[in-house]
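Here's model20.pdb, which has PDB, C-alpha atoms, pLDDT in the B column:
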ATOM      1  CA  MET A   1      69.316-171.508  -5.833  1.00 76.00           C
ATOM      2  CA  HIS A   2      72.475-172.501  -3.985  1.00 86.00           C
ATOM      3  CA  ASN A   3      75.411-170.587  -5.414  1.00 94.00           C
ATOM      4  CA  GLN A   4      78.434-172.769  -4.707  1.00 95.00           C
ATOM      5  CA  LEU A   5      80.623-170.322  -6.636  1.00 97.00           C
ATOM      6  CA  LYS A   6      79.766-167.572  -4.189  1.00 96.00           C
ATOM      7  CA  ARG A   7      80.515-169.915  -1.272  1.00 95.00           C
ATOM      8  CA  LYS A   8      84.002-170.709  -2.602  1.00 97.00           C
ATOM      9  CA  LEU A   9      84.820-167.042  -3.122  1.00 97.00           C
ATOM     10  CA  LYS A  10      83.684-166.185   0.407  1.00 94.00           C
ATOM     11  CA  GLU A  11      86.057-168.872   1.657  1.00 96.00           C
ATOM     12  CA  GLY A  12      88.897-167.079  -0.147  1.00 95.00           C
ATOM     13  CA  LYS A  13      89.393-169.763  -2.766  1.00 96.00           C
ATOM     14  CA  PRO A  14      90.236-168.869  -6.386  1.00 98.00           C
ATOM     15  CA  VAL A  15      87.681-169.959  -8.985  1.00 98.00           C
ATOM     16  CA  VAL A  16      88.129-170.555 -12.700  1.00 98.00           C
ATOM     17  CA  GLY A  17      85.668-170.757 -15.579  1.00 98.00           C
ATOM     18  CA  PRO A  18      85.576-170.018 -19.313  1.00 98.00           C
ATOM     19  CA  PHE A  19      83.450-167.713 -21.401  1.00 98.00           C
ATOM     20  CA  VAL A  20      81.107-169.672 -23.654  1.00 98.00           C
ATOM     21  CA  MET A  21      80.638-168.093 -27.081  1.00 97.00           C
ATOM     22  CA  SER A  22      78.985-171.016 -28.859  1.00 96.00           C
ATOM     23  CA  ASN A  23      75.338-171.926 -28.464  1.00 95.00           C
ATOM     24  CA  SER A  24      76.381-175.495 -27.689  1.00 96.00           C
ATOM     25  CA  PRO A  25      74.953-177.602 -24.849  1.00 97.00           C
ATOM     26  CA  ASP A  26      77.684-180.162 -25.567  1.00 97.00           C
ATOM     27  CA  ASN A  27      80.435-177.599 -24.989  1.00 97.00           C
ATOM     28  CA  VAL A  28      78.878-176.481 -21.693  1.00 98.00           C
ATOM     29  CA  GLU A  29      78.506-180.074 -20.536  1.00 98.00           C
ATOM     30  CA  ILE A  30      82.104-180.947 -21.452  1.00 98.00           C
ATOM     31  CA  LEU A  31      83.470-177.851 -19.692  1.00 98.00           C
ATOM     32  CA  SER A  32      81.387-178.688 -16.616  1.00 98.00           C
ATOM     33  CA  LEU A  33      82.579-182.302 -16.585  1.00 98.00           C
ATOM     34  CA  ALA A  34      86.165-181.091 -17.008  1.00 97.00           C
ATOM     35  CA  GLY A  35      85.845-179.490 -13.572  1.00 97.00           C
ATOM     36  CA  PHE A  36      85.525-175.749 -14.156  1.00 98.00           C
ATOM     37  CA  ASP A  37      83.794-173.901 -11.314  1.00 98.00           C
ATOM     38  CA  PHE A  38      81.575-171.845 -13.593  1.00 98.00           C
ATOM     39  CA  VAL A  39      80.791-170.924 -17.180  1.00 98.00           C
ATOM     40  CA  ILE A  40      80.053-167.419 -18.474  1.00 98.00           C
ATOM     41  CA  LEU A  41      77.303-167.704 -21.081  1.00 98.00           C
ATOM     42  CA  ASP A  42      78.038-164.769 -23.336  1.00 97.00           C
ATOM     43  CA  SER A  43      75.103-162.949 -24.918  1.00 96.00           C
ATOM     44  CA  GLU A  44      77.195-159.835 -25.591  1.00 94.00           C
ATOM     45  CA  HIS A  45      79.640-161.361 -28.076  1.00 94.00           C
ATOM     46  CA  GLY A  46      78.066-164.788 -28.542  1.00 92.00           C
ATOM     47  CA  PRO A  47      75.069-165.575 -30.771  1.00 93.00           C
ATOM     48  CA  MET A  48      72.770-166.783 -27.976  1.00 93.00           C
ATOM     49  CA  GLY A  49      69.445-165.238 -27.118  1.00 94.00           C
ATOM     50  CA  VAL A  50      67.622-165.657 -23.823  1.00 96.00           C
ATOM     51  CA  GLU A  51      66.019-168.958 -24.846  1.00 96.00           C
ATOM     52  CA  GLY A  52      69.377-170.450 -25.851  1.00 96.00           C
ATOM     53  CA  ILE A  53      71.011-169.323 -22.628  1.00 98.00           C
ATOM     54  CA  MET A  54      68.208-170.902 -20.594  1.00 98.00           C
ATOM     55  CA  GLY A  55      69.031-174.268 -22.174  1.00 98.00           C
ATOM     56  CA  LEU A  56      72.729-173.834 -21.431  1.00 98.00           C
ATOM     57  CA  ILE A  57      71.948-172.918 -17.820  1.00 98.00           C
ATOM     58  CA  ARG A  58      70.060-176.198 -17.422  1.00 98.00           C
ATOM     59  CA  VAL A  59      73.048-178.155 -18.746  1.00 98.00           C
ATOM     60  CA  ALA A  60      75.526-176.439 -16.402  1.00 98.00           C
ATOM     61  CA  GLU A  61      73.254-176.976 -13.404  1.00 97.00           C
ATOM     62  CA  SER A  62      72.818-180.648 -14.223  1.00 97.00           C
ATOM     63  CA  ARG A  63      76.591-181.135 -14.065  1.00 97.00           C
ATOM     64  CA  GLY A  64      77.255-179.098 -10.928  1.00 97.00           C
ATOM     65  CA  CYS A  65      78.761-176.067 -12.679  1.00 98.00           C
ATOM     66  CA  THR A  66      77.584-172.543 -11.772  1.00 98.00           C
ATOM     67  CA  PRO A  67      75.956-170.758 -14.749  1.00 98.00           C
ATOM     68  CA  ILE A  68      76.835-167.071 -15.013  1.00 98.00           C
ATOM     69  CA  ALA A  69      75.647-164.988 -17.979  1.00 98.00           C
ATOM     70  CA  ARG A  70      76.989-161.868 -19.658  1.00 98.00           C
ATOM     71  CA  VAL A  71      74.280-159.387 -20.656  1.00 98.00           C
ATOM     72  CA  THR A  72      74.422-157.462 -23.900  1.00 96.00           C
ATOM     73  CA  GLU A  73      74.170-154.145 -22.090  1.00 95.00           C
ATOM     74  CA  ASN A  74      73.361-152.653 -18.705  1.00 97.00           C
ATOM     75  CA  THR A  75      69.605-152.269 -19.072  1.00 97.00           C
ATOM     76  CA  GLU A  76      66.708-153.380 -16.890  1.00 96.00           C
ATOM     77  CA  THR A  77      65.209-155.686 -19.535  1.00 96.00           C
ATOM     78  CA  ASN A  78      68.469-157.460 -20.371  1.00 96.00           C
ATOM     79  CA  ILE A  79      69.267-158.015 -16.709  1.00 98.00           C
ATOM     80  CA  LEU A  80      65.754-159.143 -15.791  1.00 97.00           C
ATOM     81  CA  ARG A  81      65.388-161.684 -18.587  1.00 97.00           C
ATOM     82  CA  LEU A  82      68.673-163.500 -17.975  1.00 98.00           C
ATOM     83  CA  LEU A  83      67.999-163.725 -14.254  1.00 98.00           C
ATOM     84  CA  ASP A  84      64.439-164.917 -14.836  1.00 98.00           C
ATOM     85  CA  VAL A  85      65.681-167.875 -16.910  1.00 98.00           C
ATOM     86  CA  GLY A  86      67.960-168.896 -14.059  1.00 97.00           C
ATOM     87  CA  ALA A  87      71.402-167.286 -14.308  1.00 98.00           C
ATOM     88  CA  TYR A  88      73.155-167.401 -10.931  1.00 98.00           C
ATOM     89  CA  GLY A  89      74.943-164.153 -11.657  1.00 98.00           C
ATOM     90  CA  LEU A  90      75.680-161.597 -14.341  1.00 98.00           C
ATOM     91  CA  HIS A  91      78.673-160.053 -16.027  1.00 98.00           C
ATOM     92  CA  VAL A  92      77.659-156.510 -16.947  1.00 98.00           C
ATOM     93  CA  PRO A  93      79.830-154.754 -19.550  1.00 97.00           C
ATOM     94  CA  GLN A  94      81.028-151.160 -19.516  1.00 96.00           C
ATOM     95  CA  VAL A  95      80.048-150.086 -16.020  1.00 98.00           C
ATOM     96  CA  ASN A  96      81.794-146.733 -15.992  1.00 98.00           C
ATOM     97  CA  THR A  97      80.009-144.667 -13.330  1.00 98.00           C
ATOM     98  CA  LYS A  98      78.522-145.069  -9.883  1.00 98.00           C
ATOM     99  CA  GLU A  99      75.088-144.370 -11.357  1.00 98.00           C
ATOM    100  CA  GLN A 100      75.477-147.210 -13.866  1.00 98.00           C
ATOM    101  CA  ALA A 101      76.494-149.549 -11.033  1.00 98.00           C
ATOM    102  CA  GLU A 102      73.457-148.478  -9.003  1.00 98.00           C
ATOM    103  CA  ASN A 103      71.172-149.098 -11.997  1.00 98.00           C
ATOM    104  CA  MET A 104      72.662-152.586 -12.393  1.00 98.00           C
ATOM    105  CA  VAL A 105      71.967-153.477  -8.758  1.00 98.00           C
ATOM    106  CA  ARG A 106      68.487-151.952  -8.822  1.00 98.00           C
ATOM    107  CA  ALA A 107      67.548-154.033 -11.877  1.00 98.00           C
ATOM    108  CA  ALA A 108      68.997-157.268 -10.492  1.00 98.00           C
ATOM    109  CA  LYS A 109      67.771-157.250  -6.890  1.00 98.00           C
ATOM    110  CA  TYR A 110      64.280-157.487  -5.439  1.00 97.00           C
ATOM    111  CA  TYR A 111      62.905-155.107  -2.813  1.00 96.00           C
ATOM    112  CA  PRO A 112      64.318-153.841  -0.479  1.00 95.00           C
ATOM    113  CA  LEU A 113      67.677-153.993  -2.302  1.00 96.00           C
ATOM    114  CA  GLY A 114      66.278-153.082  -5.718  1.00 97.00           C
ATOM    115  CA  SER A 115      63.205-152.990  -7.906  1.00 97.00           C
ATOM    116  CA  ARG A 116      63.527-156.120 -10.035  1.00 97.00           C
ATOM    117  CA  GLY A 117      60.221-157.105 -11.566  1.00 94.00           C
ATOM    118  CA  SER A 118      58.742-160.410 -10.432  1.00 92.00           C
ATOM    119  CA  ALA A 119      56.878-163.072 -12.370  1.00 91.00           C
ATOM    120  CA  LEU A 120      56.288-166.813 -12.289  1.00 91.00           C
ATOM    121  CA  ALA A 121      59.485-167.457 -14.222  1.00 95.00           C
ATOM    122  CA  ARG A 122      61.953-170.348 -14.164  1.00 96.00           C
ATOM    123  CA  SER A 123      64.086-168.686 -11.488  1.00 96.00           C
ATOM    124  CA  SER A 124      61.173-168.850  -9.029  1.00 95.00           C
ATOM    125  CA  GLY A 125      60.355-172.464  -9.816  1.00 95.00           C
ATOM    126  CA  TYR A 126      57.573-171.268 -12.102  1.00 95.00           C
ATOM    127  CA  GLY A 127      55.777-169.939  -9.033  1.00 93.00           C
ATOM    128  CA  LEU A 128      55.992-173.181  -7.042  1.00 95.00           C
ATOM    129  CA  LEU A 129      58.564-171.875  -4.547  1.00 93.00           C
ATOM    130  CA  ASP A 130      57.583-169.920  -1.467  1.00 94.00           C
ATOM    131  CA  VAL A 131      57.629-166.372  -2.778  1.00 93.00           C
ATOM    132  CA  ASN A 132      59.179-164.681   0.267  1.00 93.00           C
ATOM    133  CA  GLU A 133      61.875-167.331   0.569  1.00 95.00           C
ATOM    134  CA  TYR A 134      62.575-167.044  -3.146  1.00 95.00           C
ATOM    135  CA  PHE A 135      62.987-163.260  -2.994  1.00 96.00           C
ATOM    136  CA  ARG A 136      65.334-163.588  -0.022  1.00 96.00           C
ATOM    137  CA  LYS A 137      67.460-166.307  -1.634  1.00 96.00           C
ATOM    138  CA  ALA A 138      67.617-164.542  -4.997  1.00 96.00           C
ATOM    139  CA  ASN A 139      68.856-161.334  -3.366  1.00 97.00           C
ATOM    140  CA  GLU A 140      71.393-163.293  -1.328  1.00 97.00           C
ATOM    141  CA  GLU A 141      72.709-165.678  -3.975  1.00 97.00           C
ATOM    142  CA  THR A 142      72.674-163.678  -7.237  1.00 97.00           C
ATOM    143  CA  MET A 143      76.160-162.450  -8.106  1.00 98.00           C
ATOM    144  CA  LEU A 144      76.803-159.108  -9.811  1.00 98.00           C
ATOM    145  CA  ILE A 145      80.056-158.647 -11.690  1.00 98.00           C
ATOM    146  CA  PRO A 146      80.500-155.241 -13.358  1.00 98.00           C
ATOM    147  CA  HIS A 147      83.193-154.930 -16.006  1.00 98.00           C
ATOM    148  CA  ILE A 148      85.743-152.181 -15.572  1.00 98.00           C
ATOM    149  CA  GLU A 149      87.071-152.076 -19.113  1.00 96.00           C
ATOM    150  CA  ASN A 150      87.230-148.384 -19.906  1.00 95.00           C
ATOM    151  CA  ILE A 151      89.457-145.666 -18.504  1.00 97.00           C
ATOM    152  CA  GLN A 152      86.325-143.810 -17.398  1.00 97.00           C
ATOM    153  CA  GLY A 153      85.370-146.776 -15.223  1.00 98.00           C
ATOM    154  CA  VAL A 154      88.863-146.875 -13.771  1.00 98.00           C
ATOM    155  CA  GLU A 155      88.706-143.183 -12.906  1.00 98.00           C
ATOM    156  CA  ASN A 156      85.327-143.677 -11.195  1.00 98.00           C
ATOM    157  CA  LEU A 157      86.132-146.995  -9.529  1.00 98.00           C
ATOM    158  CA  LYS A 158      86.524-145.606  -6.011  1.00 98.00           C
ATOM    159  CA  GLU A 159      82.879-144.536  -6.193  1.00 98.00           C
ATOM    160  CA  ILE A 160      81.682-147.673  -8.001  1.00 98.00           C
ATOM    161  CA  VAL A 161      83.017-150.019  -5.305  1.00 98.00           C
ATOM    162  CA  LYS A 162      80.902-148.218  -2.707  1.00 98.00           C
ATOM    163  CA  VAL A 163      77.702-149.458  -4.363  1.00 98.00           C
ATOM    164  CA  SER A 164      76.150-152.197  -2.234  1.00 97.00           C
ATOM    165  CA  GLY A 165      75.295-155.419  -4.071  1.00 97.00           C
ATOM    166  CA  ILE A 166      78.461-155.852  -6.138  1.00 98.00           C
ATOM    167  CA  ASP A 167      80.330-159.130  -5.634  1.00 98.00           C
ATOM    168  CA  VAL A 168      83.265-159.028  -8.073  1.00 98.00           C
ATOM    169  CA  ILE A 169      84.983-156.197  -9.918  1.00 98.00           C
ATOM    170  CA  PHE A 170      86.076-157.631 -13.265  1.00 98.00           C
ATOM    171  CA  VAL A 171      88.778-155.856 -15.218  1.00 98.00           C
ATOM    172  CA  GLY A 172      88.593-156.646 -18.931  1.00 95.00           C
ATOM    173  CA  PRO A 173      92.107-156.420 -20.416  1.00 96.00           C
ATOM    174  CA  MET A 174      91.062-156.425 -24.081  1.00 95.00           C
ATOM    175  CA  ASP A 175      88.648-153.504 -23.974  1.00 95.00           C
ATOM    176  CA  LEU A 176      90.809-151.721 -21.436  1.00 96.00           C
ATOM    177  CA  SER A 177      93.800-151.872 -23.784  1.00 96.00           C
ATOM    178  CA  GLN A 178      91.667-150.341 -26.521  1.00 95.00           C
ATOM    179  CA  SER A 179      90.445-147.595 -24.197  1.00 96.00           C
ATOM    180  CA  LEU A 180      94.073-146.783 -23.403  1.00 96.00           C
ATOM    181  CA  GLY A 181      94.922-146.503 -27.103  1.00 96.00           C
ATOM    182  CA  LEU A 182      96.807-149.812 -27.115  1.00 96.00           C
ATOM    183  CA  PRO A 183      94.349-152.225 -28.760  1.00 95.00           C
ATOM    184  CA  GLY A 184      95.260-155.850 -28.125  1.00 93.00           C
ATOM    185  CA  GLU A 185      98.411-155.001 -26.157  1.00 95.00           C
ATOM    186  CA  THR A 186      97.009-156.458 -22.961  1.00 94.00           C
ATOM    187  CA  HIS A 187     100.440-156.843 -21.346  1.00 93.00           C
ATOM    188  CA  HIS A 188     101.740-153.403 -22.239  1.00 96.00           C
ATOM    189  CA  PRO A 189     103.204-151.714 -19.135  1.00 96.00           C
ATOM    190  CA  LYS A 190     100.521-149.010 -19.247  1.00 97.00           C
ATOM    191  CA  VAL A 191      97.755-151.623 -19.372  1.00 97.00           C
ATOM    192  CA  GLU A 192      99.348-153.686 -16.597  1.00 97.00           C
ATOM    193  CA  GLU A 193      99.725-150.574 -14.463  1.00 98.00           C
ATOM    194  CA  THR A 194      96.032-149.805 -14.925  1.00 98.00           C
ATOM    195  CA  ILE A 195      95.040-153.396 -14.105  1.00 98.00           C
ATOM    196  CA  GLN A 196      97.065-153.171 -10.908  1.00 98.00           C
ATOM    197  CA  ARG A 197      95.322-149.909 -10.070  1.00 98.00           C
ATOM    198  CA  VAL A 198      91.923-151.590 -10.458  1.00 98.00           C
ATOM    199  CA  LEU A 199      93.092-154.517  -8.347  1.00 98.00           C
ATOM    200  CA  ASP A 200      94.346-152.277  -5.545  1.00 98.00           C
ATOM    201  CA  ILE A 201      91.127-150.251  -5.341  1.00 98.00           C
ATOM    202  CA  THR A 202      89.024-153.418  -5.448  1.00 98.00           C
ATOM    203  CA  LEU A 203      90.923-155.200  -2.684  1.00 98.00           C
ATOM    204  CA  ASP A 204      91.004-152.061  -0.525  1.00 98.00           C
ATOM    205  CA  SER A 205      87.198-151.955  -0.774  1.00 97.00           C
ATOM    206  CA  GLY A 206      86.853-155.551   0.401  1.00 97.00           C
ATOM    207  CA  LEU A 207      85.465-156.799  -2.903  1.00 98.00           C
ATOM    208  CA  ILE A 208      86.761-159.703  -4.992  1.00 98.00           C
ATOM    209  CA  ALA A 209      88.800-158.961  -8.107  1.00 98.00           C
ATOM    210  CA  GLY A 210      88.392-160.819 -11.379  1.00 98.00           C
ATOM    211  CA  THR A 211      90.040-160.795 -14.774  1.00 98.00           C
ATOM    212  CA  LEU A 212      90.706-162.823 -17.925  1.00 98.00           C
ATOM    213  CA  ALA A 213      93.549-165.308 -18.425  1.00 98.00           C
ATOM    214  CA  LEU A 214      94.356-167.226 -21.609  1.00 97.00           C
ATOM    215  CA  THR A 215      97.015-169.652 -20.377  1.00 96.00           C
ATOM    216  CA  PRO A 216      97.593-171.605 -17.141  1.00 97.00           C
ATOM    217  CA  GLU A 217     100.720-169.521 -16.530  1.00 97.00           C
ATOM    218  CA  GLU A 218      98.771-166.277 -16.873  1.00 97.00           C
ATOM    219  CA  ALA A 219      96.046-167.583 -14.562  1.00 98.00           C
ATOM    220  CA  ALA A 220      98.665-168.516 -11.952  1.00 98.00           C
ATOM    221  CA  ARG A 221     100.241-165.063 -12.207  1.00 98.00           C
ATOM    222  CA  ARG A 222      96.906-163.307 -11.805  1.00 98.00           C
ATOM    223  CA  ILE A 223      95.987-165.431  -8.791  1.00 98.00           C
ATOM    224  CA  GLU A 224      99.367-164.686  -7.205  1.00 98.00           C
ATOM    225  CA  GLN A 225      98.748-161.003  -7.978  1.00 98.00           C
ATOM    226  CA  GLY A 226      95.532-161.088  -5.940  1.00 98.00           C
ATOM    227  CA  PHE A 227      92.748-161.969  -8.380  1.00 98.00           C
ATOM    228  CA  LYS A 228      90.371-164.707  -7.172  1.00 98.00           C
ATOM    229  CA  TYR A 229      87.839-164.845 -10.011  1.00 98.00           C
ATOM    230  CA  ILE A 230      89.523-166.002 -13.215  1.00 98.00           C
ATOM    231  CA  ALA A 231      87.645-166.098 -16.503  1.00 98.00           C
ATOM    232  CA  TYR A 232      89.771-168.650 -18.287  1.00 98.00           C
ATOM    233  CA  SER A 233      89.769-168.383 -22.062  1.00 97.00           C
ATOM    234  CA  VAL A 234      86.747-169.097 -24.293  1.00 98.00           C
ATOM    235  CA  ASP A 235      85.162-172.400 -25.258  1.00 98.00           C
ATOM    236  CA  THR A 236      85.766-171.841 -28.971  1.00 97.00           C
ATOM    237  CA  LEU A 237      89.376-170.786 -28.414  1.00 97.00           C
ATOM    238  CA  LEU A 238      90.057-173.829 -26.248  1.00 97.00           C
ATOM    239  CA  LEU A 239      88.623-176.100 -28.927  1.00 96.00           C
ATOM    240  CA  GLY A 240      90.542-174.320 -31.685  1.00 97.00           C
ATOM    241  CA  LYS A 241      93.881-174.509 -29.854  1.00 96.00           C
ATOM    242  CA  ILE A 242      93.504-178.212 -29.105  1.00 95.00           C
ATOM    243  CA  ALA A 243      92.384-179.015 -32.646  1.00 96.00           C
ATOM    244  CA  LYS A 244      95.277-177.033 -34.144  1.00 97.00           C
ATOM    245  CA  LYS A 245      97.828-178.704 -31.872  1.00 95.00           C
ATOM    246  CA  GLU A 246      96.472-182.171 -32.686  1.00 96.00           C
ATOM    247  CA  PHE A 247      96.473-181.470 -36.412  1.00 96.00           C
ATOM    248  CA  GLU A 248     100.056-180.210 -36.291  1.00 95.00           C
ATOM    249  CA  GLU A 249     101.046-183.487 -34.629  1.00 95.00           C
ATOM    250  CA  LEU A 250      99.175-185.443 -37.314  1.00 96.00           C
ATOM    251  CA  GLN A 251     101.051-183.573 -40.025  1.00 94.00           C
ATOM    252  CA  LYS A 252     104.148-185.572 -39.107  1.00 92.00           C
ATOM    253  CA  TYR A 253     102.480-188.689 -40.416  1.00 94.00           C
ATOM    254  CA  LEU A 254     100.715-187.321 -43.486  1.00 88.00           C
TER
END

Translate the structure of the given file into structure tokens.
Amino acid sequence: MHNQLKRKLKEGKPVVGPFVMSNSPDNVEILSLAGFDFVILDSEHGPMGVEGIMGLIRVAESRGCTPIARVTENTETNILRLLDVGAYGLHVPQVNTKEQAENMVRAAKYYPLGSRGSALARSSGYGLLDVNEYFRKANEETMLIPHIENIQGVENLKEIVKVSGIDVIFVGPMDLSQSLGLPGETHHPKVEETIQRVLDITLDSGLIAGTLALTPEEAARRIEQGFKYIAYSVDTLLLGKIAKKEFEELQKYL
């Protein structure tokens, strides 16, 4: 595993990649060829199981795009299985306490950083890689990206960022707006104030901050604000917006 995404972030460069909600190798290949740095293969909101995500990981790798996966929940089994099929990193939803962050790291990292179970899975070259080198590289290269998307997580963030093994703190505007009693109002002043609070704590801790953007203008604003890891839209939304725009143009001639 050579995590080019992690390299770029360490160099201070912003990175951009969409969530993938469809179980579509074609979509992943097109997004990779388009030039995105990474894709987030979404098993929380998308229909994919572990086997489907493994196929999508292979497609992203073949086109030089870093495959990140979002687990359904912060449990040892969910984390283990997506890493075993080859995910280079994980988005972990609803990490609201230091203990939950510690559990995430423990499940994702091998000894001495954690207690991840080992097997002759795809991630280890089906057992053909040198085992000690594999353990070292997996611990070094695997990215962990907890979601701070609940006011409880915001309140506990100063403790969460102290947990060793976290790479990016990702603030999820949609769920955060709901937690603040403003569902869908992701640009409400109260939501923006809370996002800024998360950003400030994250940068003060030396970690990288990430968030969602749905337009190029929003992505540019977030990068200027200090975010380096930008989850840009969703594959299905991108397709829908382009198709709708094209059809509206065609309407002129129908």

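Residues lying within 9 Å of segment 191-193 of chain A, counting only C-alpha atoms and ignoring same-chain neighbours fewer than 6 positions away, are A:Pro173, A:Leu176, A:Ser177, A:Leu180, A:Leu182, A:Glu185.
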
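For the choices A:Val171, A:Ala219, A:Ile166, A:Leu90, the atom-to-atom distance to Ser205 of chain A is smallest for A:Ile166 when using all atoms listed in the file.
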
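Distances here use only C-alpha atoms; by that measure, the residue among A:Asn96, A:Asn156, A:Asn23, A:Ser233 closest to Thr215 of chain A is A:Ser233.
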
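Atom pair atom CA of Gly117 of chain A / atom CA of Glu73 of chain A: separated by 17.7 Å.
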
Exercise for review: Compile the contact shell of Leu237 of chain A as a list in words: residues with an atom at most 12 Å away, counting all atoms listed in the file, same-chain residues fewer than 6 positions apart removed.
Suggested key: Pro18, Phe19, Val20, Met21, Ser22, Asn27, Leu214, Thr215, Ala243 and Lys244 of chain A

Expand the PyMOL selection byres ((chain A and resi 47) around 12) into the explicit residue set it covers here, and present it as a compact mmCIF listing (two decimals) with C-alpha atoms, keeping the file's coordinate frame.
# COMPACT_ATOMS: atom_id res chain seq x y z
CA VAL A 20 81.11 -169.67 -23.65
CA MET A 21 80.64 -168.09 -27.08
CA SER A 22 78.98 -171.02 -28.86
CA ASN A 23 75.34 -171.93 -28.46
CA SER A 24 76.38 -175.50 -27.69
CA LEU A 41 77.30 -167.70 -21.08
CA ASP A 42 78.04 -164.77 -23.34
CA SER A 43 75.10 -162.95 -24.92
CA GLU A 44 77.19 -159.84 -25.59
CA HIS A 45 79.64 -161.36 -28.08
CA GLY A 46 78.07 -164.79 -28.54
CA MET A 48 72.77 -166.78 -27.98
CA GLY A 49 69.44 -165.24 -27.12
CA VAL A 50 67.62 -165.66 -23.82
CA GLU A 51 66.02 -168.96 -24.85
CA GLY A 52 69.38 -170.45 -25.85
CA ILE A 53 71.01 -169.32 -22.63
CA ARG A 70 76.99 -161.87 -19.66
CA VAL A 71 74.28 -159.39 -20.66
CA THR A 72 74.42 -157.46 -23.90

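Nearest residue to Leu157 of chain A, choosing from A:Thr194, A:Ser179, A:Thr186, A:Ser124 and counting only C-alpha atoms: A:Thr194.
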
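Of the listed residues A:Val198, A:Leu207, A:Val234, A:Ile242, the one whose atoms come nearest to Gly12 of chain A is A:Leu207, with distances taken using all atoms listed in the file.
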
Exercise for review: Find the residues near Pro112 of chain A: any atom within 10 Å, counting all atoms listed in the file, skip ones fewer than 4 places away on the same chain, and give them as an MDAnalysis selection string.
Suggested key: chainID A and resid 106 116 135:136 139

Which neighbours of Val15 of chain A fall inside 9 Å, counting all atoms listed in the file, when residues of the same chain fewer than 3 positions from it are skipped, and could you give them as a PDB file with C-alpha atoms, in the coordinates of the input?
ATOM      1  CA  LEU A   5      80.623-170.322  -6.636  1.00 97.00           C
ATOM      2  CA  LYS A   8      84.002-170.709  -2.602  1.00 97.00           C
ATOM      3  CA  LEU A   9      84.820-167.042  -3.122  1.00 97.00           C
ATOM      4  CA  PHE A  36      85.525-175.749 -14.156  1.00 98.00           C
ATOM      5  CA  ASP A  37      83.794-173.901 -11.314  1.00 98.00           C
ATOM      6  CA  PHE A  38      81.575-171.845 -13.593  1.00 98.00           C
ATOM      7  CA  LYS A 228      90.371-164.707  -7.172  1.00 98.00           C
ATOM      8  CA  TYR A 229      87.839-164.845 -10.011  1.00 98.00           C
ATOM      9  CA  ILE A 230      89.523-166.002 -13.215  1.00 98.00           C
ATOM     10  CA  ALA A 231      87.645-166.098 -16.503  1.00 98.00           C
TER      11      ALA A 231
END

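You can rank A:His91, A:His188, A:Arg222, A:Arg122 by their closest distance to Ile145 of chain A using all atoms listed in the file, and at the top of that list sits A:His91.
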
Report the centre and edge lengths, in Å to one decimal, of an axis-aligned box enclosing every atom of segment 12-17 of chain A listed in the file, padded by 6 Å on each side, as JSON.
{"center_x": 88.0, "center_y": -168.9, "center_z": -7.9, "size_x": 16.6, "size_y": 15.7, "size_z": 27.4}

**Study point:** Evaluate the PyMOL selection byres ((chain A and resi 26) around 12) and report residues as a ChimeraX atom specification
**Key:** /A:20,22-25,27-33,55-56,58-60,63,235

Store the residues picked out above, limited to C-alpha atoms, as a compact mmCIF listing (two decimals), in the frame of the given file.
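File selection_8.txt, as written:
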# COMPACT_ATOMS: atom_id res chain seq x y z
CA VAL A 20 81.11 -169.67 -23.65
CA SER A 22 78.98 -171.02 -28.86
CA ASN A 23 75.34 -171.93 -28.46
CA SER A 24 76.38 -175.50 -27.69
CA PRO A 25 74.95 -177.60 -24.85
CA ASN A 27 80.44 -177.60 -24.99
CA VAL A 28 78.88 -176.48 -21.69
CA GLU A 29 78.51 -180.07 -20.54
CA ILE A 30 82.10 -180.95 -21.45
CA LEU A 31 83.47 -177.85 -19.69
CA SER A 32 81.39 -178.69 -16.62
CA LEU A 33 82.58 -182.30 -16.58
CA GLY A 55 69.03 -174.27 -22.17
CA LEU A 56 72.73 -173.83 -21.43
CA ARG A 58 70.06 -176.20 -17.42
CA VAL A 59 73.05 -178.16 -18.75
CA ALA A 60 75.53 -176.44 -16.40
CA ARG A 63 76.59 -181.14 -14.06
CA ASP A 235 85.16 -172.40 -25.26
